[in-house]
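> Just one file: run_9.txt, with compact mmCIF, C-alpha atoms.
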# COMPACT_ATOMS: atom_id res chain seq x y z
CA MET A 1096 7.83 -5.84 -8.64
CA TRP A 1097 6.59 -4.65 -12.02
CA ILE A 1098 3.17 -3.92 -10.59
CA MET A 1099 4.68 -1.84 -7.79
CA ILE A 1100 6.95 0.08 -10.17
CA SER A 1101 4.04 0.75 -12.54
CA ALA A 1102 1.82 1.93 -9.69
CA ASN A 1103 4.56 4.25 -8.42
CA LEU A 1104 4.99 5.71 -11.90
CA PHE A 1105 1.21 6.18 -12.07
CA ASN A 1106 1.41 7.91 -8.68
CA ILE A 1107 4.19 10.23 -9.86
CA VAL A 1108 2.26 11.25 -12.96
CA GLY A 1109 -0.95 11.61 -10.95
CA ASN A 1110 0.87 13.77 -8.40
CA GLY A 1111 2.07 16.09 -11.14
CA LEU A 1112 -1.38 16.36 -12.66
CA LEU A 1113 -3.38 16.76 -9.47
CA ILE A 1114 -1.02 18.79 -7.29
CA TYR A 1115 -0.26 21.46 -9.87
CA GLY A 1116 -3.45 21.23 -11.94
CA ILE A 1117 -1.88 20.39 -15.29
CA GLY A 1118 -4.25 20.12 -18.25
CA PRO A 1119 -7.91 19.54 -17.44
CA PHE A 1120 -7.18 18.56 -13.84
CA PRO A 1121 -7.85 21.04 -11.02
CA GLU A 1122 -5.04 22.26 -8.75
CA LEU A 1123 -5.64 20.32 -5.53
CA GLY A 1124 -2.29 20.51 -3.72
CA LEU A 1125 -1.90 18.01 -0.90
CA LEU A 1126 -5.39 16.59 -1.50
CA GLY A 1127 -4.32 15.79 -5.07
CA ALA A 1128 -1.31 13.87 -3.77
CA GLY A 1129 -3.59 11.84 -1.50
CA ILE A 1130 -6.03 11.10 -4.31
CA SER A 1131 -3.19 10.06 -6.63
CA THR A 1132 -1.68 7.76 -3.99
CA THR A 1133 -5.04 6.19 -3.23
CA LEU A 1134 -5.78 5.57 -6.91
CA SER A 1135 -2.34 4.02 -7.46
CA ARG A 1136 -2.84 1.64 -4.52
CA ILE A 1137 -6.29 0.66 -5.80
CA LEU A 1138 -4.76 0.05 -9.24
CA MET A 1139 -2.12 -2.18 -7.63
CA LEU A 1140 -4.74 -4.19 -5.75
CA ALA A 1141 -6.94 -4.61 -8.83
CA THR A 1142 -3.99 -5.72 -10.96
CA ILE A 1143 -2.80 -8.29 -8.43
CA TYR A 1144 -6.36 -9.57 -7.96
CA GLY A 1145 -6.87 -9.80 -11.72
CA ILE A 1146 -3.66 -11.73 -12.22
CA PHE A 1147 -4.53 -14.09 -9.37
CA VAL A 1148 -8.06 -14.77 -10.60
CA TYR A 1149 -7.56 -14.84 -14.39
CA SER A 1150 -4.04 -16.22 -14.84
CA LYS A 1151 -3.63 -19.90 -15.64
CA THR A 1152 -0.40 -19.96 -13.64
CA TYR A 1153 -2.23 -19.31 -10.36
CA ARG A 1154 -5.33 -21.40 -11.12
CA LYS A 1155 -4.33 -24.17 -8.68
CA TYR A 1156 -3.98 -21.64 -5.86
CA LEU A 1157 -7.35 -20.10 -6.68
CA THR A 1158 -9.08 -23.47 -6.55
CA GLY A 1159 -7.31 -24.13 -3.24
CA PHE A 1160 -8.61 -20.89 -1.80
CA GLN A 1161 -12.12 -21.57 -3.01
CA SER A 1162 -12.24 -25.14 -1.69
CA CYS A 1163 -11.08 -24.30 1.84
CA GLU A 1164 -13.95 -24.06 4.32
CA PRO A 1165 -13.08 -21.69 7.16
CA THR A 1166 -13.36 -23.56 10.45
CA LYS A 1167 -13.16 -22.27 13.99
CA ALA A 1168 -9.76 -23.93 14.51
CA LEU A 1169 -8.37 -22.35 11.33
CA ARG A 1170 -9.65 -18.89 12.33
CA GLN A 1171 -8.12 -19.27 15.79
CA LYS A 1172 -4.78 -20.25 14.28
CA LEU A 1173 -4.85 -17.29 11.91
CA HIS A 1174 -5.73 -14.91 14.75
CA LYS A 1175 -2.98 -16.37 16.92
CA LEU A 1176 -0.47 -15.79 14.12
CA GLY A 1177 -1.85 -12.44 12.96
CA TYR A 1178 -2.48 -10.48 16.16
CA PRO A 1179 1.17 -10.04 17.20
CA LEU A 1180 2.14 -8.97 13.69
CA GLY A 1181 -0.82 -6.61 13.48
CA LEU A 1182 0.02 -5.04 16.83
CA GLN A 1183 3.67 -4.57 15.85
CA MET A 1184 2.73 -2.98 12.52
CA GLY A 1185 0.17 -0.76 14.24
CA MET A 1186 2.72 0.48 16.78
CA GLU A 1187 5.28 1.09 14.01
CA THR A 1188 2.76 3.06 11.96
CA ALA A 1189 1.67 5.03 15.00
CA SER A 1190 5.28 5.97 15.77
CA PHE A 1191 5.83 7.20 12.20
CA CYS A 1192 2.60 9.21 12.35
CA LEU A 1193 3.57 10.71 15.70
CA CYS A 1194 6.97 11.68 14.29
CA ALA A 1195 5.25 13.34 11.33
CA VAL A 1196 2.96 15.30 13.67
CA MET A 1197 5.92 16.46 15.75
CA GLN A 1198 7.80 17.46 12.58
CA GLY A 1199 4.74 19.48 11.58
CA TRP A 1200 5.01 21.41 14.84
CA ILE A 1201 8.52 22.48 13.85
CA GLY A 1202 7.63 23.60 10.33
CA THR A 1203 6.74 22.59 6.81
CA ALA A 1204 10.34 22.07 5.60
CA PRO A 1205 11.21 19.54 8.37
CA LEU A 1206 7.89 17.77 7.70
CA ALA A 1207 8.71 17.48 3.98
CA ALA A 1208 12.22 16.24 4.80
CA HIS A 1209 10.76 13.62 7.17
CA GLN A 1210 8.36 12.36 4.49
CA VAL A 1211 11.14 12.15 1.89
CA MET A 1212 13.39 10.18 4.24
CA THR A 1213 10.54 7.90 5.32
CA ARG A 1214 9.83 7.00 1.69
CA TYR A 1215 13.54 6.63 0.93
CA CYS A 1216 14.02 4.29 3.89
CA PHE A 1217 10.92 2.30 2.92
CA PHE A 1218 12.14 1.71 -0.64
CA GLU A 1219 15.64 0.87 0.57
CA CYS A 1220 14.21 -1.77 2.93
CA VAL A 1221 11.92 -3.31 0.30
Please lay out the structure from this file as structure tokens.


Amino acid sequence: MWIMISANLFNIVGNGLLIYGIGPFPELGLLGAGISTTLSRILMLATIYGIFVYSKTYRKYLTGFQSCEPTKALRQKLHKLGYPLGLQMGMETASFCLCAVMQGWIGTAPLAAHQVMTRYCFFECV
């Protein structure tokens, strides 16, 4: 939770710097928002990976991951479990993207409102 909150704060600050070009940063607009979001997600991944690899609390899990030899049966089981979830998440993402495209046809204000509500609903669900 703390990693996610920190990354979102990093994203907010990065949005302000890169969208409006504050200080030495260039004014990039929507591209700046995308760069800031990407960097915050990479920061989240690196932090979680670092904690997993270097923390003594998770050492037993790390040794378990390293000792497991992937077999054909294990891969088949993972695929059997993962494909339905992946398909469902893909269809859900595609529907949100299609809604965003259709909102863009209407205008920029409805598109912005759709993005705000999508983020609001996401954080309410998490």

> For Ser1190 in chain A, which of A:Thr1213, A:Ser1101, A:Ser1162, A:Thr1203 is the closest residue, counting only C-alpha atoms?

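The answer is A:Thr1213, which sits nearest to Ser1190 in chain A.
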
> May I ask which of the residues A:Leu1157, A:Phe1105, A:Pro1205, A:Ile1130 is the closest one to Tyr1144 in chain A, counting only C-alpha atoms?

A:Leu1157

> Up to 12 Å from (-5.3, 0.3, -6.6) in the file's coordinates: name the residues, counting all atoms listed in the file, as a list in words.

Ile1098, Met1099, Ser1101, Ala1102, Asn1103, Phe1105, Asn1106, Ile1130, Ser1131, Thr1132, Thr1133, Leu1134, Ser1135, Arg1136, Ile1137, Leu1138, Met1139, Leu1140, Ala1141, Thr1142, Ile1143, Tyr1144 and Gly1145 of chain A

> Can you write just those residues out, C-alpha atoms, as a short mmCIF file (atom, residue, chain, number, x, y, z; two decimals), in the coordinates of the input?


data_model
loop_
_atom_site.label_atom_id
_atom_site.label_comp_id
_atom_site.auth_asym_id
_atom_site.auth_seq_id
_atom_site.Cartn_x
_atom_site.Cartn_y
_atom_site.Cartn_z
CA ILE A 1098 3.17 -3.92 -10.59
CA MET A 1099 4.68 -1.84 -7.79
CA SER A 1101 4.04 0.75 -12.54
CA ALA A 1102 1.82 1.93 -9.69
CA ASN A 1103 4.56 4.25 -8.42
CA PHE A 1105 1.21 6.18 -12.07
CA ASN A 1106 1.41 7.91 -8.68
CA ILE A 1130 -6.03 11.10 -4.31
CA SER A 1131 -3.19 10.06 -6.63
CA THR A 1132 -1.68 7.76 -3.99
CA THR A 1133 -5.04 6.19 -3.23
CA LEU A 1134 -5.78 5.57 -6.91
CA SER A 1135 -2.34 4.02 -7.46
CA ARG A 1136 -2.84 1.64 -4.52
CA ILE A 1137 -6.29 0.66 -5.80
CA LEU A 1138 -4.76 0.05 -9.24
CA MET A 1139 -2.12 -2.18 -7.63
CA LEU A 1140 -4.74 -4.19 -5.75
CA ALA A 1141 -6.94 -4.61 -8.83
CA THR A 1142 -3.99 -5.72 -10.96
CA ILE A 1143 -2.80 -8.29 -8.43
CA TYR A 1144 -6.36 -9.57 -7.96
CA GLY A 1145 -6.87 -9.80 -11.72
#

> Please give the centre and size of the box around range 1128-1138 of chain A (axis-aligned, containing every atom listed in the file, 4 Å added per side), with values in Å to one decimal and written as JSON.


{"center_x": -3.8, "center_y": 7.0, "center_z": -5.4, "size_x": 13.0, "size_y": 21.8, "size_z": 15.7}

> Mind giving me the straight-line distance from CA of Gly1127 in chain A to CA of Tyr1115 in chain A in Å, one decimal?

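Between these atoms lies a distance of 8.5 Å.
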
> CA of Trp1097 in chain A and CA of Val1211 in chain A are how many Å apart?

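Calculated distance between CA of Trp1097 in chain A and CA of Val1211 in chain A is 22.3 Å.
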
> With all atoms listed in the file as the counted atoms, please give the residues lying no more than 12 Å from Gln1210 in chain A, apart from itself and same-chain residues fewer than 6 positions off, as a list of chain:residue names.

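The neighbour list is A:Phe1191, A:Cys1192, A:Cys1194, A:Ala1195, A:Val1196, A:Gln1198, A:Gly1199, A:Thr1203, A:Ala1204, A:Cys1216, A:Phe1217.
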
> Rank nothing, just name the residue among A:Gly1159, A:Pro1179, A:Pro1165, A:Gly1129 nearest to Leu1113 in chain A, using all atoms listed in the file.

A:Gly1129

> Which neighbours of Leu1112 in chain A fall inside 9 Å, counting all atoms listed in the file, when residues of the same chain fewer than 4 positions from it are skipped, and could you give them as a ChimeraX atom specification?

/A:1107-1108,1116-1122,1127,1131

> Record the distance separating CA of Leu1126 in chain A and CA of Gly1111 in chain A, expressed in Å with one decimal.

12.2 Å

> Can you work out which one of A:Leu1123, A:Met1096, A:Leu1173, A:Ala1128 has the shortest atom-to-atom distance to Asn1110 in chain A, counting all atoms listed in the file?

A:Ala1128
